[in-house]
Each structure stands twice: as C-alpha cells, then as structure tokens.
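All remarks here apply to the structure that follows.
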Amino acid sequence: MSENLVPTTLSTVRTLAGVTLTRLGRGKALWIGCLFAALPIMYATGVHARHVKPAPDDLFKISLLLLALLPAMYIGASVGEELEDRTSTYLWSRPIARWAVLAGKLCALTPIVIGLIVGGWFAAIEIWTEAAPSLASCLALTAGCIAASLVAAGIATVVPKHGMALTIGYMLVDLFIGALPFSLNELSITNQANVLANLGHAPIEITTPLIAMVVVTGLWGVVSFRRVKHLES
Amino acid sequence: MSIVVAENCSKWYGHVLGVSDVSWKLTGGIVGLLGPNGAGKSTLIKMMGGLLRPSRGSLSVYGQSPFYDVRVRRRIGYAPEHEATWDELSALELVTAMARLSGVPAGKADKAAKDALAQMGMTGAMYRRVRGFSKGMRQRTKLATAIVHDPDFLLLDEPLTGVDPVARVDIVERIKRLGEAGKTIVVSSHVLYEIEALTSDIVVIYRGQVLAEGNVYEIRKLIDRHPHRIRVECNQPRAIAAALAAEDHVARISFERSVVVIETRDPDRCYDQIASAVIAANVAVSALSSPDNNLGAVFEYLTGDGGRR
C-alpha cells in the first residue's frame, strides 16, 4: 500500500454529496419533486386568474403540506434505500466515519428540499400578491425543511424499508398535532414553522418556537446519527 | 505476524447463528473459504471487513478491530457478494468515488480508478452505467472497487458466482496476479473447484464453524473418505457393474433401468476403470454424472463422521 491515508470528514461528505446529487439527477425523483413544488404556484395562478382576494395563509398551508412530502421523498427514500439495498456495505467497509454518510446525503438533499419548497412559496406569492413574501416566512419554511429532513433521516435509519412512507405518516401526524388548540402543538414542526412565518404580522416571540423546533429536530438527529454508528450490514 | 486473529468468535443474528466459536489465524497468501450456502462464510468475511461486530469473542485485523478502527479499514479491500451498487453511475464514477472514500487524494483518484478497472479488464466499458452491466461485468467492477486504493488485504465474497466460464478463468487469473503481487486475499465460494483454481490453502466452514483448514489436498483426502457416487446412464449397465464389482474401493452398486450408480471411495481410480470398461465392452454411454457433487452432503458426512480436522 503506497499511502496510509484516511479521507478527511469534509472530503467524505463532499464525495457522498456529489454521488447523491449525480444519482438524483439521473433518476426521476427530482422531476416528481418539481411537480409537487409547483402545486402552490398552480394554486396561486388559478386563484389569481379568478381575481379572488389574496389569502397567503392558504398558500402557506400548501407549502407546509409539502414539508410532509418532499423531505420524505428525497432524504427518507435515499437513506432508506442505501441501507435496505445493501449498497451501504461498500461504505461501511471504507475508512470513513459512518455519520459522514448521513451528513453527505443531508448536505446534498436538504438544499434541494429547501429550494423546491421555499422557491415554490416565493413564486406562488409573487404571482398571487405581486409582491415578494416576507423574509420571516421564507426563513420559517427553511427551518421547517431542515427539521423535516432530519426527521426523515432519523426515521429512515430506524426503519429503512419504509423510510419514505413512515416519514410522510409522521409529518401528516405532525400537521394534525400542529392544528390542535392546546400545548401538544408545541411539538409540531409545521406549527412552529407557521408561528415563525408570522403571516398575521403581529409581534411574536420567536425564542420558544425556535427552541421547540431545535429540540424535536435535535432528538431525531441524535437518533439517526447514533443508529447509523451502530448499524451492521 | 498474523493478519487476522479470531478468538472464540461468534456472531448471532437474533436467534440465528452466523458464526460459532471460531478460533482462527490468517498469516498471508490466498486463502479459500469453502462452505455451502448459509455456512457462515459471508458473516466471517463481513466481520473481517468491519461490517459486523462479533457477538462474542474477538476478531482483529492487523491487531485492530476493523469495525471500530477506521485506519485498519484503509488496508482492507472488500467486494461484497450481492449485486447492489450505485447503478446510476458509470463504472469509472463508481470506482473513483470508492477511491476518494478510501483516502486516495482527489488528484489521483481518477487515475487510480482507471488503473483498477484496467486491471479487471473493464477499460472498454468504464464510461458505461453500471445499470446495463452483465453479471460478469458487475463482478469485475466490484473487484475494481475493492482494489482501487491498493489495499494489503482483500476480502472477496463469492467473486465467481454467476460468471460465465470464460470470464471465470479470466477473473481467477486476475485474482492470482493480485496474490502474486503480495496481497493477502480471502476468497469465499461454495464450489471446491473454484477455490482449487485459486489456491491450495483452504478453510472449510460449515454451520458457522471452521471444520477443517490446511492444504486443499489434505481437505480432499477428508472429503474423499465420503463414498462418492457416480451415475452412468448407458445401454449395458451390468457390463460396467461386472467390471467394477470386485474392486476394493467400490462400496456399493445399484441399478435403475438403464442406469448404474457406483459408490466409491476412490473417485479418480473409479473414473479410470469406468472408461476402461466402456471401451472393453463397447458400451454406449449417454450420461455420466456425480449426483453427490454437493458440498452440503460431504460436510454432513464429515461432521457425522467426526472428521473434524
């Protein structure tokens, strides 16, 4: 053996992110995701054509619904398939930190999820109100995307075979809990994203929703990284 | 120095036993891991490759645990048994990615991947996507991913399974060349002649235990103690039976219509004598086979007979 080097974590994450993006680009998932992301735009276009009074809340709900679909479709499916199809055996036998595999996938796919959901929201609001959406609403959706991506990664490491389906199920329950009129809704990622978006434009306190989102996301992050560390293939 | 040391190593998958109380040392060269399907070969290979942890006992490679020690995995090249790969990538992209993940610097990964694919005879197909590859091409690509970072120790899990006879000879030669270049190689197979083509050092594994290890000829002697059945389908089965009946190596002769089944303890001698009888009596043979050519049956015999080591 000529050189006894192990790859740096940054190089591992970059390589895996590159592979993930190449594979995504050559499959159908990206285009299906684009179709889903176009839903708010289609809705806004249809409503705008009928000269109905704008109600950004409705559009935001569609974007929150996409939080249940797109992270599951990209992160849940990608992580789940890697573990279920046993392509992970190529990775676990390499001199790399296992968590870097998850990090690589998240670094590649989370920006896509953010781009599609926030981009869809931005374009839809532009069409509907002929004005850009608030920065708070875009940041809230971005935070929701990151949180939902980590949830998807966590679920897919625990149940790889049904990573996508269970993530969709979890996020639909999250939407339901978020709509409940009592404190259980604090655990809902979509509810906290809704609060942070502040579409009512009344002054709000952002610390509590942010902390709640970080705690739920952090728990799923810990689950996924711990699980992947001990997985056997 | 031992490259692999397994001490009372066991692995369970829930209640299913993968490997049971294996104590074994590997010092170098090409070693064949022989056993029927489900014997525990893949489990042992995966433990050596750092994919599995022993449930009990210990297994070290170059003195370290391959599951926990990242640096020791840099010295290991592993080609899995299964076919799943990143099919959307071309062979070159796949092998380059594996080179990068094995610590080959960015500037050298592309060249290392091309060299590894060339070593496996894949230069002409390296820009094609893996999705369209035949079984043989997939095996070669897998082998290229295993050698791309120039490891000292190669683990090849059933590298010849499903490969056509021409590709088989070629892959065997390429693996032998790697051995001649100083690599330590463990190759698993459930087919004795595949292993014999690669090495004379074999380890026989059955029901999760190392049943025998050593030179292939010593193992053969053990295996040959098991009466070997030869089935001859011909127009004069009794002529063949008459020629062999008095031989001391023949344990039993039976007939089924135009078929004679001979059980022998010396297959080589028996095959010669059948050939002589066929010529002498002008027998028309329509088929000759060995229904016993099944390691499972031989291993059952060896365990039942106490033929352990």
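Each chain in the structure tokens gets a letter, A, B, ..., in the order shown, and its residues are numbered from 1; ligands are numbered from 1 in order too.
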
Give me, as a VMD selection string, the contact residues of chain B against chain A at a cut-off of 10 Å, counting only C-alpha atoms. chain B and resid 43 46 to 53 66 to 80 82 to 89 93 to 94 96 to 106 142 145 to 146 149 to 153 183

Since we have the selection now, will you write its residues out, keeping N, CA and C atoms, as a compact mmCIF listing (two decimals), in the first residue's frame?
```
# COMPACT_ATOMS: atom_id res chain seq x y z
N THR B 43 -20.55 -14.08 6.76
CA THR B 43 -20.51 -13.47 8.10
C THR B 43 -19.06 -13.27 8.53
N LYS B 46 -17.53 -10.50 6.48
CA LYS B 46 -18.03 -9.18 6.89
C LYS B 46 -17.41 -8.75 8.22
N MET B 47 -17.17 -9.70 9.10
CA MET B 47 -16.52 -9.33 10.36
C MET B 47 -15.08 -8.88 10.10
N MET B 48 -14.42 -9.55 9.15
CA MET B 48 -13.05 -9.14 8.82
C MET B 48 -13.03 -7.78 8.13
N GLY B 49 -14.12 -7.48 7.40
CA GLY B 49 -14.20 -6.22 6.66
C GLY B 49 -14.73 -5.06 7.48
N GLY B 50 -15.10 -5.31 8.74
CA GLY B 50 -15.58 -4.24 9.60
C GLY B 50 -17.04 -3.91 9.41
N LEU B 51 -17.78 -4.79 8.78
CA LEU B 51 -19.22 -4.53 8.60
C LEU B 51 -20.04 -5.09 9.75
N LEU B 52 -19.50 -6.09 10.42
CA LEU B 52 -20.19 -6.70 11.55
C LEU B 52 -19.26 -6.76 12.76
N ARG B 53 -19.87 -6.74 13.93
CA ARG B 53 -19.11 -6.92 15.17
C ARG B 53 -19.35 -8.33 15.69
N PRO B 66 -11.63 -4.17 13.09
CA PRO B 66 -12.00 -3.47 11.85
C PRO B 66 -13.32 -2.73 11.93
N PHE B 67 -14.20 -3.11 12.87
CA PHE B 67 -15.48 -2.41 13.00
C PHE B 67 -15.27 -1.00 13.55
N TYR B 68 -14.36 -0.88 14.51
CA TYR B 68 -14.19 0.40 15.19
C TYR B 68 -13.01 1.21 14.67
N ASP B 69 -11.99 0.55 14.13
CA ASP B 69 -10.79 1.26 13.73
C ASP B 69 -10.83 1.67 12.26
N VAL B 70 -10.93 2.96 12.04
CA VAL B 70 -11.04 3.47 10.67
C VAL B 70 -9.76 3.19 9.89
N ARG B 71 -8.61 3.35 10.55
CA ARG B 71 -7.33 3.23 9.83
C ARG B 71 -7.08 1.82 9.31
N VAL B 72 -7.53 0.84 10.07
CA VAL B 72 -7.29 -0.53 9.61
C VAL B 72 -8.15 -0.83 8.37
N ARG B 73 -9.29 -0.19 8.28
CA ARG B 73 -10.14 -0.41 7.09
C ARG B 73 -9.49 0.17 5.83
N ARG B 74 -8.57 1.11 6.00
CA ARG B 74 -7.85 1.64 4.84
C ARG B 74 -7.01 0.55 4.18
N ARG B 75 -6.65 -0.46 4.97
CA ARG B 75 -5.78 -1.54 4.45
C ARG B 75 -6.59 -2.71 3.90
N ILE B 76 -7.92 -2.58 3.95
CA ILE B 76 -8.79 -3.69 3.52
C ILE B 76 -9.55 -3.31 2.25
N GLY B 77 -9.64 -4.25 1.33
CA GLY B 77 -10.49 -4.07 0.15
C GLY B 77 -11.56 -5.15 0.18
N TYR B 78 -12.81 -4.74 0.07
CA TYR B 78 -13.91 -5.70 0.23
C TYR B 78 -14.82 -5.68 -1.00
N ALA B 79 -15.05 -6.84 -1.57
CA ALA B 79 -16.03 -6.95 -2.67
C ALA B 79 -17.17 -7.81 -2.17
N PRO B 80 -18.37 -7.22 -1.99
CA PRO B 80 -19.48 -7.99 -1.41
C PRO B 80 -20.04 -9.02 -2.37
N HIS B 82 -23.36 -9.51 -2.86
CA HIS B 82 -24.57 -9.04 -3.54
C HIS B 82 -24.24 -8.12 -4.71
N GLU B 83 -25.24 -7.93 -5.56
CA GLU B 83 -25.02 -7.17 -6.79
C GLU B 83 -25.32 -5.70 -6.67
N ALA B 84 -25.98 -5.30 -5.58
CA ALA B 84 -26.42 -3.91 -5.47
C ALA B 84 -25.25 -2.94 -5.50
N THR B 85 -25.30 -1.99 -6.41
CA THR B 85 -24.32 -0.90 -6.43
C THR B 85 -25.08 0.38 -6.75
N TRP B 86 -24.35 1.46 -6.93
CA TRP B 86 -24.99 2.71 -7.36
C TRP B 86 -25.12 2.62 -8.88
N ASP B 87 -26.22 2.03 -9.32
CA ASP B 87 -26.40 1.71 -10.74
C ASP B 87 -26.47 2.93 -11.65
N GLU B 88 -26.82 4.08 -11.08
CA GLU B 88 -26.96 5.29 -11.92
C GLU B 88 -25.60 5.81 -12.36
N LEU B 89 -24.53 5.37 -11.69
CA LEU B 89 -23.19 5.88 -12.01
C LEU B 89 -22.54 5.01 -13.08
N GLU B 93 -17.13 6.39 -12.53
CA GLU B 93 -17.61 7.26 -11.45
C GLU B 93 -17.70 6.48 -10.14
N LEU B 94 -18.21 5.25 -10.23
CA LEU B 94 -18.35 4.43 -9.03
C LEU B 94 -16.99 4.14 -8.39
N THR B 96 -14.15 5.67 -8.89
CA THR B 96 -13.50 6.92 -8.45
C THR B 96 -14.05 7.34 -7.08
N ALA B 97 -15.37 7.25 -6.93
CA ALA B 97 -15.98 7.62 -5.64
C ALA B 97 -15.43 6.72 -4.53
N MET B 98 -15.30 5.42 -4.82
CA MET B 98 -14.77 4.50 -3.81
C MET B 98 -13.31 4.81 -3.49
N ALA B 99 -12.57 5.26 -4.51
CA ALA B 99 -11.18 5.65 -4.28
C ALA B 99 -11.13 6.84 -3.33
N ARG B 100 -11.99 7.83 -3.58
CA ARG B 100 -12.00 9.03 -2.72
C ARG B 100 -12.39 8.65 -1.29
N LEU B 101 -13.38 7.74 -1.19
CA LEU B 101 -13.84 7.33 0.14
C LEU B 101 -12.83 6.43 0.86
N SER B 102 -11.83 5.99 0.12
CA SER B 102 -10.79 5.15 0.74
C SER B 102 -9.52 5.95 1.01
N GLY B 103 -9.57 7.24 0.76
CA GLY B 103 -8.44 8.09 1.10
C GLY B 103 -7.49 8.40 -0.04
N VAL B 104 -7.84 8.01 -1.26
CA VAL B 104 -6.99 8.37 -2.40
C VAL B 104 -7.20 9.86 -2.67
N PRO B 105 -6.12 10.65 -2.74
CA PRO B 105 -6.30 12.10 -2.94
C PRO B 105 -7.05 12.41 -4.23
N ALA B 106 -7.75 13.55 -4.23
CA ALA B 106 -8.61 13.91 -5.37
C ALA B 106 -7.86 13.87 -6.70
N LYS B 142 -16.97 -4.65 -9.17
CA LYS B 142 -16.88 -4.79 -7.71
C LYS B 142 -15.43 -5.04 -7.29
N THR B 145 -13.54 -1.87 -7.37
CA THR B 145 -13.78 -1.02 -6.18
C THR B 145 -12.99 -1.52 -4.98
N ALA B 146 -12.75 -2.83 -4.96
CA ALA B 146 -12.02 -3.40 -3.82
C ALA B 146 -10.52 -3.12 -3.89
N HIS B 149 -7.82 1.34 -3.97
CA HIS B 149 -6.96 2.10 -3.04
C HIS B 149 -5.72 1.31 -2.65
N ASP B 150 -5.41 0.27 -3.43
CA ASP B 150 -4.20 -0.53 -3.24
C ASP B 150 -4.11 -1.10 -1.83
N PRO B 151 -5.15 -1.84 -1.41
CA PRO B 151 -5.13 -2.38 -0.03
C PRO B 151 -4.17 -3.56 0.10
N ASP B 152 -3.80 -3.86 1.33
CA ASP B 152 -2.91 -5.00 1.58
C ASP B 152 -3.70 -6.30 1.66
N PHE B 153 -4.97 -6.17 2.07
CA PHE B 153 -5.77 -7.35 2.42
C PHE B 153 -7.11 -7.28 1.68
N LYS B 183 -0.52 -9.40 -2.18
CA LYS B 183 -1.73 -9.14 -1.39
C LYS B 183 -2.14 -10.40 -0.62
```

Among segment 51-174 of chain A, which ones does DSSP assign to helix (DSSP H, G or I) (computed from the backbone)? Answer as a VMD selection string. chain A and resid 56 to 84 88 to 92 98 to 129 135 to 158 160 to 174

If you keep C-alpha atoms, can you produce a file of those selected residues as a short mmCIF file (atom, residue, chain, number, x, y, z; two decimals), in the first residue's frame?
```
data_model
loop_
_atom_site.label_atom_id
_atom_site.label_comp_id
_atom_site.auth_asym_id
_atom_site.auth_seq_id
_atom_site.Cartn_x
_atom_site.Cartn_y
_atom_site.Cartn_z
CA PRO A 56 -51.35 33.94 1.95
CA ASP A 57 -52.31 31.62 4.83
CA ASP A 58 -53.87 29.17 2.38
CA LEU A 59 -50.78 29.10 0.25
CA PHE A 60 -48.58 28.61 3.28
CA LYS A 61 -50.64 25.58 4.27
CA ILE A 62 -49.89 24.01 0.90
CA SER A 63 -46.20 24.65 1.46
CA LEU A 64 -46.46 23.05 4.90
CA LEU A 65 -48.09 20.04 3.28
CA LEU A 66 -45.06 19.80 1.00
CA LEU A 67 -42.94 19.51 4.16
CA ALA A 68 -44.66 16.18 4.66
CA LEU A 69 -43.83 15.01 1.15
CA LEU A 70 -40.53 16.28 -0.19
CA PRO A 71 -38.13 15.50 2.72
CA ALA A 72 -39.65 12.00 2.81
CA MET A 73 -39.27 11.63 -0.94
CA TYR A 74 -35.65 12.71 -1.03
CA ILE A 75 -33.99 12.08 2.34
CA GLY A 76 -36.23 9.29 3.63
CA ALA A 77 -36.04 7.36 0.37
CA SER A 78 -32.33 7.97 -0.22
CA VAL A 79 -31.19 6.93 3.28
CA GLY A 80 -33.66 4.05 3.43
CA GLU A 81 -32.66 2.64 0.05
CA GLU A 82 -28.97 2.90 0.86
CA LEU A 83 -29.46 0.77 3.95
CA GLU A 84 -32.10 -1.54 2.54
CA SER A 88 -24.12 0.65 2.35
CA THR A 89 -21.79 -2.37 2.57
CA TYR A 90 -19.49 -0.51 0.16
CA LEU A 91 -19.48 2.43 2.54
CA TRP A 92 -19.14 0.68 5.89
CA ARG A 98 -20.31 6.50 9.43
CA TRP A 99 -22.09 9.69 10.38
CA ALA A 100 -20.41 11.33 7.39
CA VAL A 101 -22.58 9.18 5.12
CA LEU A 102 -25.72 10.74 6.59
CA ALA A 103 -24.13 14.17 6.60
CA GLY A 104 -23.25 13.80 2.90
CA LYS A 105 -26.81 12.91 1.98
CA LEU A 106 -28.28 15.69 4.11
CA CYS A 107 -25.86 18.26 2.65
CA ALA A 108 -26.84 17.25 -0.88
CA LEU A 109 -30.59 16.83 -0.48
CA THR A 110 -31.68 19.35 2.15
CA PRO A 111 -30.79 22.36 -0.07
CA ILE A 112 -32.87 20.77 -2.83
CA VAL A 113 -35.82 20.39 -0.49
CA ILE A 114 -35.37 23.99 0.66
CA GLY A 115 -35.03 25.22 -2.92
CA LEU A 116 -38.18 23.46 -4.05
CA ILE A 117 -40.41 24.36 -1.10
CA VAL A 118 -39.20 27.91 -0.48
CA GLY A 119 -38.87 28.53 -4.22
CA GLY A 120 -42.44 27.32 -4.76
CA TRP A 121 -43.70 29.53 -1.94
CA PHE A 122 -41.79 32.54 -3.24
CA ALA A 123 -43.05 32.15 -6.80
CA ALA A 124 -46.63 31.49 -5.70
CA ILE A 125 -46.77 34.60 -3.51
CA GLU A 126 -45.23 36.67 -6.29
CA ILE A 127 -47.96 35.50 -8.66
CA TRP A 128 -50.75 35.93 -6.14
CA THR A 129 -49.92 39.21 -4.42
CA LEU A 135 -38.27 37.16 4.88
CA ALA A 136 -39.71 35.62 8.07
CA SER A 137 -41.94 33.28 6.08
CA CYS A 138 -39.04 32.13 3.88
CA LEU A 139 -36.77 31.58 6.90
CA ALA A 140 -39.55 29.72 8.72
CA LEU A 141 -40.03 27.40 5.78
CA THR A 142 -36.27 26.89 5.53
CA ALA A 143 -36.15 25.93 9.22
CA GLY A 144 -39.11 23.59 8.66
CA CYS A 145 -37.30 21.96 5.71
CA ILE A 146 -34.14 21.36 7.77
CA ALA A 147 -36.18 19.94 10.64
CA ALA A 148 -38.27 17.67 8.40
CA SER A 149 -35.11 16.46 6.63
CA LEU A 150 -33.57 15.38 9.92
CA VAL A 151 -36.81 13.67 10.91
CA ALA A 152 -36.76 11.80 7.59
CA ALA A 153 -33.12 10.75 8.10
CA GLY A 154 -33.90 9.54 11.63
CA ILE A 155 -36.93 7.52 10.59
CA ALA A 156 -35.11 6.01 7.59
CA THR A 157 -32.22 4.81 9.74
CA VAL A 158 -34.61 3.17 12.19
CA PRO A 160 -35.02 1.70 6.27
CA LYS A 161 -37.53 -0.41 4.39
CA HIS A 162 -40.36 2.06 4.98
CA GLY A 163 -38.35 5.24 5.45
CA MET A 164 -40.33 7.31 2.97
CA ALA A 165 -43.82 6.08 3.89
CA LEU A 166 -43.26 6.43 7.63
CA THR A 167 -41.82 9.92 7.25
CA ILE A 168 -44.90 11.01 5.30
CA GLY A 169 -47.07 9.43 8.02
CA TYR A 170 -45.10 11.16 10.78
CA MET A 171 -45.30 14.55 9.09
CA LEU A 172 -49.05 14.19 8.47
CA VAL A 173 -49.49 13.46 12.18
CA ASP A 174 -47.25 16.48 12.82
#
```

Quick one: distance from atom CA of Ala118 of chain B to atom CA of Val172 of chain B in Å, one decimal?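 It comes out at 15.4 Å.
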
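Here atom CA of Ile219 of chain B stands at a distance of 20.2 Å from atom CA of Tyr271 of chain B.
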
Go ahead and compute the interatomic distance for atom CA of Leu26 of chain B and atom CA of Ser55 of chain B, in Å to one decimal.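 It comes out at 20.5 Å.
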